[in-house]
file structure_25.cif (mmCIF, C-alpha atoms)
data_query
#
loop_
_atom_site.label_atom_id
_atom_site.label_comp_id
_atom_site.auth_asym_id
_atom_site.auth_seq_id
_atom_site.Cartn_x
_atom_site.Cartn_y
_atom_site.Cartn_z
CA MET A 1 25.76 -22.05 -73.14
CA ASN A 2 28.69 -23.75 -71.52
CA GLY A 3 29.56 -21.23 -68.89
CA MET A 4 32.53 -18.92 -68.67
CA SER A 5 36.27 -19.54 -68.49
CA LYS A 6 38.04 -21.72 -65.96
CA ILE A 7 39.27 -18.66 -64.04
CA VAL A 8 35.72 -17.45 -63.44
CA LYS A 9 34.54 -20.94 -62.50
CA THR A 10 37.31 -21.36 -59.93
CA THR A 11 36.69 -17.93 -58.42
CA VAL A 12 32.97 -18.61 -58.16
CA SER A 13 33.58 -22.00 -56.55
CA ILE A 14 35.69 -20.31 -53.89
CA LEU A 15 33.28 -17.41 -53.34
CA PHE A 16 30.04 -19.41 -53.40
CA PRO A 17 30.20 -20.98 -49.89
CA PHE A 18 31.08 -17.66 -48.28
CA THR A 19 28.14 -15.99 -49.99
CA MET A 20 25.86 -18.75 -48.71
CA ILE A 21 27.21 -18.43 -45.16
CA PHE A 22 26.85 -14.65 -45.18
CA GLY A 23 23.29 -14.78 -46.50
CA LEU A 24 22.21 -17.43 -44.00
CA TYR A 25 23.86 -15.40 -41.23
CA VAL A 26 21.88 -12.33 -42.24
CA ILE A 27 18.66 -14.38 -42.17
CA ALA A 28 19.38 -16.06 -38.84
CA HIS A 29 20.39 -12.82 -37.12
CA GLY A 30 17.55 -10.81 -38.61
CA HIS A 31 16.19 -9.86 -35.20
CA LEU A 32 19.58 -8.70 -33.92
CA THR A 33 21.49 -7.04 -36.76
CA PRO A 34 20.46 -4.97 -39.78
CA GLY A 35 18.92 -7.19 -42.40
CA GLY A 36 16.41 -9.97 -42.23
CA GLY A 37 14.62 -12.51 -44.34
CA PHE A 38 14.31 -10.42 -47.49
CA GLN A 39 17.87 -9.13 -47.48
CA GLY A 40 19.54 -12.42 -46.60
CA GLY A 41 17.41 -14.26 -49.12
CA ALA A 42 18.43 -11.78 -51.78
CA ILE A 43 22.11 -12.38 -50.88
CA VAL A 44 21.75 -16.16 -51.13
CA ALA A 45 19.83 -15.85 -54.39
CA SER A 46 22.57 -13.56 -55.76
CA GLY A 47 25.11 -16.26 -54.95
CA CYS A 48 23.04 -18.79 -56.85
CA ALA A 49 22.71 -16.36 -59.76
CA MET A 50 26.52 -16.04 -59.73
CA LEU A 51 26.66 -19.83 -60.08
CA VAL A 52 24.23 -19.66 -63.00
CA ILE A 53 26.34 -17.02 -64.74
CA ALA A 54 29.66 -18.82 -64.24
CA TYR A 55 28.63 -22.41 -64.99
CA GLY A 56 25.83 -21.80 -67.45
CA SER A 57 22.16 -22.25 -66.82
CA GLU A 58 21.94 -25.78 -68.26
CA TRP A 59 24.56 -27.05 -65.82
CA VAL A 60 22.55 -25.73 -62.88
CA PHE A 61 19.19 -26.68 -64.38
CA GLU A 62 20.23 -30.34 -64.67
CA ARG A 63 21.22 -30.49 -61.01
CA ILE A 64 18.30 -28.63 -59.43
CA LYS A 65 14.62 -29.38 -59.74
CA THR A 66 12.66 -26.18 -60.29
CA LYS A 67 9.48 -27.77 -59.00
CA ARG A 68 11.20 -28.39 -55.70
CA LEU A 69 12.26 -24.73 -55.56
CA ALA A 70 8.67 -23.67 -56.21
CA ALA A 71 7.58 -26.01 -53.41
CA PHE A 72 10.10 -24.36 -51.07
CA GLU A 73 8.66 -20.99 -52.03
CA SER A 74 5.17 -22.15 -51.13
CA ILE A 75 6.42 -23.71 -47.90
CA GLY A 76 7.94 -20.39 -46.88
CA GLY A 77 4.77 -18.47 -47.61
CA LEU A 78 2.55 -21.01 -45.86
CA GLY A 79 4.86 -21.07 -42.84
CA PHE A 80 4.70 -17.29 -42.63
CA ILE A 81 0.91 -17.31 -42.65
CA ALA A 82 0.84 -20.27 -40.25
CA VAL A 83 2.95 -18.39 -37.69
CA ALA A 84 0.64 -15.40 -38.09
CA LEU A 85 -2.42 -17.63 -37.55
CA LEU A 86 -0.81 -19.15 -34.45
CA GLY A 87 -0.65 -15.59 -33.20
CA LEU A 88 -4.40 -15.40 -33.73
CA VAL A 89 -4.87 -18.62 -31.76
CA PHE A 90 -2.49 -18.15 -28.83
CA SER A 91 -2.57 -14.37 -28.67
CA THR A 92 -5.36 -11.95 -29.44
CA VAL A 93 -4.73 -10.75 -32.98
CA PHE A 94 -3.42 -11.91 -36.34
CA PHE A 95 0.40 -11.47 -36.30
CA GLY A 96 0.27 -11.43 -32.50
CA ASN A 97 3.66 -12.07 -30.94
CA PHE A 98 2.68 -14.96 -28.68
CA LEU A 99 6.22 -16.21 -27.99
CA ALA A 100 7.64 -12.93 -26.69
CA GLY A 101 8.14 -12.99 -22.94
CA SER A 102 6.93 -16.59 -22.60
CA ASN A 103 10.43 -17.97 -21.79
CA LEU A 104 9.92 -20.66 -24.41
CA LEU A 105 11.65 -20.77 -27.79
CA PHE A 106 13.03 -17.28 -28.56
CA GLY A 107 11.04 -16.12 -25.55
CA THR A 108 13.54 -14.14 -23.51
CA THR A 109 12.84 -10.46 -23.08
CA PRO A 110 15.95 -8.29 -23.18
CA ALA A 111 16.46 -5.58 -20.60
CA THR A 112 15.35 -2.13 -21.64
CA GLY A 113 18.04 0.06 -23.13
CA SER A 114 21.23 -0.84 -24.94
CA THR A 115 21.95 -4.50 -24.22
CA LEU A 116 24.09 -7.26 -25.65
CA ALA A 117 22.61 -9.22 -28.53
CA ASP A 118 20.95 -12.45 -27.40
CA MET A 119 19.99 -15.00 -30.01
CA ASN A 120 17.18 -16.34 -27.83
CA THR A 121 14.97 -13.25 -28.06
CA GLY A 122 12.34 -11.92 -30.40
CA GLY A 123 9.33 -14.21 -30.05
CA VAL A 124 7.95 -15.11 -33.47
CA LEU A 125 10.21 -12.70 -35.34
CA PRO A 126 13.04 -15.22 -35.99
CA LEU A 127 10.50 -17.81 -37.19
CA MET A 128 9.00 -15.28 -39.59
CA ASN A 129 12.52 -14.36 -40.72
CA PHE A 130 13.28 -18.00 -41.52
CA ALA A 131 10.01 -18.43 -43.41
CA VAL A 132 10.49 -15.26 -45.45
CA GLY A 133 14.13 -16.21 -46.03
CA ILE A 134 13.23 -19.62 -47.49
CA LYS A 135 10.55 -17.96 -49.58
CA VAL A 136 12.83 -15.27 -50.99
CA ILE A 137 15.72 -17.67 -51.67
CA ALA A 138 13.56 -20.09 -53.62
CA GLY A 139 11.51 -17.38 -55.32
CA LEU A 140 14.37 -15.21 -56.60
CA PHE A 141 16.50 -18.20 -57.57
CA VAL A 142 13.71 -19.87 -59.51
CA ILE A 143 13.00 -16.61 -61.35
CA VAL A 144 16.67 -16.16 -62.34
CA LEU A 145 17.19 -19.83 -63.21
CA VAL A 146 14.06 -20.29 -65.29
CA MET A 147 14.56 -17.06 -67.23
CA ALA A 148 18.24 -17.84 -67.94
CA TYR A 149 17.46 -21.39 -69.00
CA ALA A 150 14.52 -20.43 -71.19
CA SER A 151 16.50 -17.71 -72.97
CA SER A 152 19.36 -20.14 -73.64
CA GLN A 153 17.10 -22.72 -75.29
CA LYS A 154 16.33 -22.26 -78.95
CA GLU A 155 13.32 -24.53 -79.10
CA TRP A 156 11.57 -23.73 -75.86
CA ASN A 157 8.11 -23.01 -77.18
CA THR A 158 7.89 -25.11 -80.31
CA MET B 1 -0.92 24.95 -79.26
CA GLU B 2 -2.84 21.76 -78.98
CA LYS B 3 -5.15 21.13 -76.08
CA ARG B 4 -3.10 18.13 -74.97
CA THR B 5 0.04 20.23 -74.70
CA ILE B 6 -1.73 22.88 -72.64
CA ALA B 7 -3.22 20.27 -70.32
CA ALA B 8 0.14 18.53 -69.89
CA THR B 9 1.84 21.84 -69.11
CA LEU B 10 -0.82 22.68 -66.53
CA VAL B 11 -0.53 19.30 -64.82
CA PHE B 12 3.25 19.55 -64.83
CA ALA B 13 3.15 23.05 -63.33
CA ILE B 14 0.75 22.01 -60.56
CA ALA B 15 2.83 18.95 -59.71
CA ALA B 16 6.02 21.04 -59.73
CA VAL B 17 4.48 23.57 -57.34
CA PHE B 18 3.43 20.78 -54.97
CA PHE B 19 6.89 19.21 -55.10
CA LEU B 20 8.53 22.57 -54.41
CA PHE B 21 6.23 23.17 -51.44
CA SER B 22 6.99 19.72 -50.08
CA ILE B 23 10.72 20.34 -50.50
CA PHE B 24 10.66 23.62 -48.60
CA LEU B 25 8.17 22.55 -45.92
CA ILE B 26 9.88 19.27 -45.05
CA HIS B 27 11.42 18.90 -41.63
CA PRO B 28 15.20 19.50 -41.34
CA PHE B 29 17.43 16.52 -41.97
CA GLY B 30 17.79 14.23 -38.98
CA LYS B 31 15.09 15.99 -36.97
CA PRO B 32 11.78 14.28 -37.64
CA GLY B 33 8.53 15.75 -36.47
CA ASN B 34 7.04 14.93 -33.12
CA VAL B 35 5.10 11.74 -33.86
CA ALA B 36 3.79 9.76 -30.90
CA MET B 37 4.13 6.41 -32.69
CA ASP B 38 7.92 6.73 -33.09
CA ASP B 39 8.40 7.38 -29.40
CA HIS B 40 6.10 4.52 -28.50
CA ILE B 41 8.00 2.07 -30.72
CA ILE B 42 11.42 3.22 -29.54
CA ALA B 43 10.38 3.04 -25.89
CA ASN B 44 8.36 -0.17 -25.89
CA THR B 45 9.79 -2.40 -28.62
CA GLN B 46 12.00 -4.33 -26.22
CA ASN B 47 9.16 -5.04 -23.80
CA GLU B 48 6.45 -5.76 -26.32
CA THR B 49 8.30 -7.79 -28.94
CA GLY B 50 11.40 -8.85 -27.05
CA THR B 51 13.73 -7.68 -29.80
CA ASN B 52 16.69 -5.35 -29.74
CA ASN B 53 16.20 -4.54 -33.41
CA ALA B 54 13.41 -2.00 -33.67
CA VAL B 55 13.33 -2.11 -37.47
CA THR B 56 12.67 -5.84 -37.54
CA SER B 57 10.02 -5.46 -34.88
CA VAL B 58 8.25 -2.89 -37.05
CA VAL B 59 8.56 -4.95 -40.21
CA PHE B 60 7.46 -8.30 -38.79
CA ASP B 61 5.33 -7.37 -35.80
CA TYR B 62 3.85 -3.89 -35.82
CA ARG B 63 3.35 -3.89 -39.59
CA GLY B 64 3.13 -7.59 -40.30
CA PHE B 65 0.43 -7.14 -42.90
CA ASP B 66 2.82 -5.05 -44.98
CA THR B 67 5.31 -7.93 -45.00
CA LEU B 68 2.52 -10.34 -45.89
CA GLY B 69 1.76 -8.17 -48.91
CA GLU B 70 5.42 -8.14 -49.96
CA ALA B 71 5.55 -11.93 -49.68
CA THR B 72 2.43 -12.13 -51.82
CA ILE B 73 4.09 -9.91 -54.44
CA ILE B 74 7.07 -12.28 -54.64
CA PHE B 75 4.71 -15.24 -54.90
CA ALA B 76 2.83 -13.57 -57.75
CA ALA B 77 6.10 -12.76 -59.51
CA VAL B 78 7.27 -16.38 -59.31
CA ALA B 79 3.91 -17.66 -60.50
CA GLY B 80 3.94 -15.25 -63.43
CA VAL B 81 7.49 -16.13 -64.49
CA LEU B 82 6.82 -19.86 -64.28
CA MET B 83 3.62 -19.39 -66.25
CA ILE B 84 5.29 -17.37 -69.02
CA PHE B 85 8.31 -19.66 -69.41
CA ARG B 86 6.53 -22.96 -69.06
CA ARG B 87 7.01 -25.73 -71.58
CA VAL B 88 4.09 -26.17 -73.91
CA ASN B 89 5.07 -29.73 -74.88
CA PRO B 90 6.92 -31.22 -71.94
#
call {"tool": "encode", "arguments": {"input": "structure_25.cif", "output": "structure tokens"}}
result
Amino acid sequence: MNGMSKIVKTTVSILFPFTMIFGLYVIAHGHLTPGGGFQGGAIVASGCAMLVIAYGSEWVFERIKTKRLAAFESIGGLGFIAVALLGLVFSTVFFGNFLAGSNLLFGTTPATGSTLADMNTGGVLPLMNFAVGIKVIAGLFVIVLVMAYASSQKEWNT
Amino acid sequence: MEKRTIAATLVFAIAAVFFLFSIFLIHPFGKPGNVAMDDHIIANTQNETGTNNAVTSVVFDYRGFDTLGEATIIFAAVAGVLMIFRRVNP
């Protein structure tokens, strides 16, 4: 499959960076705005799926190593569990929020009530958002890419 | 009538009755019941988790195990897809 027409390719090349920026924004501001790791990761993976549709799966498959994507997926999952275990070490329970109120990274506590959004709040929540975001990006993209590539190959399982 | 048809009709009728009850007994729209956990989360989420976003604090802090399960589901899905579509003779 050689991809779609030149009009579609040009449109996708213009739209692709904006989709990436929007998805990464949703991940990074997961503790301030609606959204989070799952939603932003799904947005980024949809952008990558758009690329697969427009340029053809072989074009993308030659330029991206699926094993590396699977490694990213595992890194995200392990990072998520590692942050949760750090909560067990530095706090009292698994998934304990040990960074909240410590005035370290993401450690500021906002005033009670309706306040302005501060990026430096949330404790371990932004870290978990990043981990889940990496995991969902790599996971959904590798699912879409591998299925599209395998269905476009005639002699996949010879 | 066959026994299977009668049994299916009975099960369907019982389920329909339960659904109807749950439709008519549900709380009015926008006015949830008085649950202590909601009030606790709304009142204390900024002190306990340091986040303005109460939904994220529930998803990643109060119910972190739920999110861990969702992440495991995605991991299992990726593993299954890569296992089905793997090359036999690479």
call {"tool": "closest_residue", "arguments": {"input": "structure_25.cif", "among": "A:Ile64, A:Ala71, A:Val142, A:Leu127", "to": "Phe95 (chain A)", "atoms": "only C-alpha atoms"}}
result
A:Leu127
call {"tool": "interface_residues", "arguments": {"input": "structure_25.cif", "of": "chain B", "to": "chain A", "cutoff": "10 Å", "atoms": "all atoms listed in the file", "output": "JSON, numbers by chain"}}
result
{"B": [42, 43, 44, 45, 46, 47, 48, 49, 50, 51, 52, 53, 54, 55, 56, 57, 59, 60, 61, 62, 63, 64, 65, 67, 68, 70, 71, 72, 74, 75, 76, 77, 78, 79, 80, 81, 82, 84, 85, 86, 87, 88, 89, 90]}
call {"tool": "axis_aligned_box", "arguments": {"input": "structure_25.cif", "around": "region 51-69 of chain B", "padding_each_side": "8 Å", "output": "AutoDock Vina command-line options"}}
result
--center_x 8.6 --center_y -6.2 --center_z -39.3 --size_x 32.3 --size_y 24.3 --size_z 35.2
call {"tool": "atom_distance", "arguments": {"input": "structure_25.cif", "atom1": "CA of Ser22 (chain B)", "atom2": "CA of Asp38 (chain B)"}}
result
21.4 Å
call {"tool": "atom_distance", "arguments": {"input": "structure_25.cif", "atom1": "CA of Gly56 (chain A)", "atom2": "CA of Met4 (chain A)"}}
result
7.4 Å
call {"tool": "closest_residue", "arguments": {"input": "structure_25.cif", "among": "A:Val44, A:Met50, A:Leu24, A:Leu104", "to": "Thr11 (chain A)", "atoms": "only C-alpha atoms"}}
result
A:Met50
call {"tool": "atom_distance", "arguments": {"input": "structure_25.cif", "atom1": "CA of Ser57 (chain A)", "atom2": "CA of Gly23 (chain A)"}}
result
21.7 Å
call {"tool": "resolve_selection", "arguments": {"input": "structure_25.cif", "expression": "the PyMOL selection byres ((chain A and resi 54) around 12)", "output": "PyMOL selection string"}}
result
chain A and resi 1-13+15-16+47-53+55-60
call {"tool": "build_atoms", "arguments": {"input": "structure_25.cif", "residues": "region 112-125 of chain A", "atoms": "N, CA and C atoms", "output": "PDB file, in the frame of the given file"}}
result
ATOM      1  N   THR A 112      15.577  -3.365 -20.911  1.00  0.00           N
ATOM      2  CA  THR A 112      15.350  -2.130 -21.640  1.00  0.00           C
ATOM      3  C   THR A 112      16.646  -1.337 -21.753  1.00  0.00           C
ATOM      4  N   GLY A 113      16.836  -0.721 -22.905  1.00  0.00           N
ATOM      5  CA  GLY A 113      18.040   0.060 -23.130  1.00  0.00           C
ATOM      6  C   GLY A 113      19.006  -0.695 -24.004  1.00  0.00           C
ATOM      7  N   SER A 114      20.231  -0.228 -24.079  1.00  0.00           N
ATOM      8  CA  SER A 114      21.230  -0.840 -24.940  1.00  0.00           C
ATOM      9  C   SER A 114      21.804  -2.068 -24.256  1.00  0.00           C
ATOM     10  N   THR A 115      21.490  -3.255 -24.815  1.00  0.00           N
ATOM     11  CA  THR A 115      21.950  -4.500 -24.220  1.00  0.00           C
ATOM     12  C   THR A 115      22.729  -5.301 -25.237  1.00  0.00           C
ATOM     13  N   LEU A 116      23.375  -6.361 -24.754  1.00  0.00           N
ATOM     14  CA  LEU A 116      24.090  -7.260 -25.650  1.00  0.00           C
ATOM     15  C   LEU A 116      23.087  -8.065 -26.468  1.00  0.00           C
ATOM     16  N   ALA A 117      23.501  -8.443 -27.671  1.00  0.00           N
ATOM     17  CA  ALA A 117      22.610  -9.220 -28.530  1.00  0.00           C
ATOM     18  C   ALA A 117      22.469 -10.630 -27.984  1.00  0.00           C
ATOM     19  N   ASP A 118      21.231 -11.083 -27.841  1.00  0.00           N
ATOM     20  CA  ASP A 118      20.950 -12.450 -27.400  1.00  0.00           C
ATOM     21  C   ASP A 118      20.150 -13.142 -28.488  1.00  0.00           C
ATOM     22  N   MET A 119      20.654 -14.296 -28.916  1.00  0.00           N
ATOM     23  CA  MET A 119      19.990 -15.000 -30.010  1.00  0.00           C
ATOM     24  C   MET A 119      18.594 -15.463 -29.593  1.00  0.00           C
ATOM     25  N   ASN A 120      18.419 -15.715 -28.306  1.00  0.00           N
ATOM     26  CA  ASN A 120      17.180 -16.340 -27.830  1.00  0.00           C
ATOM     27  C   ASN A 120      16.130 -15.283 -27.475  1.00  0.00           C
ATOM     28  N   THR A 121      15.980 -14.268 -28.304  1.00  0.00           N
ATOM     29  CA  THR A 121      14.970 -13.250 -28.060  1.00  0.00           C
ATOM     30  C   THR A 121      14.105 -13.107 -29.309  1.00  0.00           C
ATOM     31  N   GLY A 122      13.070 -12.322 -29.190  1.00  0.00           N
ATOM     32  CA  GLY A 122      12.340 -11.920 -30.400  1.00  0.00           C
ATOM     33  C   GLY A 122      10.995 -12.559 -30.595  1.00  0.00           C
ATOM     34  N   GLY A 123      10.655 -13.617 -29.851  1.00  0.00           N
ATOM     35  CA  GLY A 123       9.330 -14.210 -30.050  1.00  0.00           C
ATOM     36  C   GLY A 123       9.205 -14.858 -31.411  1.00  0.00           C
ATOM     37  N   VAL A 124       8.191 -14.476 -32.161  1.00  0.00           N
ATOM     38  CA  VAL A 124       7.950 -15.110 -33.470  1.00  0.00           C
ATOM     39  C   VAL A 124       8.768 -14.455 -34.565  1.00  0.00           C
ATOM     40  N   LEU A 125       9.494 -13.395 -34.277  1.00  0.00           N
ATOM     41  CA  LEU A 125      10.210 -12.700 -35.340  1.00  0.00           C
ATOM     42  C   LEU A 125      11.262 -13.561 -36.031  1.00  0.00           C
TER      43      LEU A 125
END
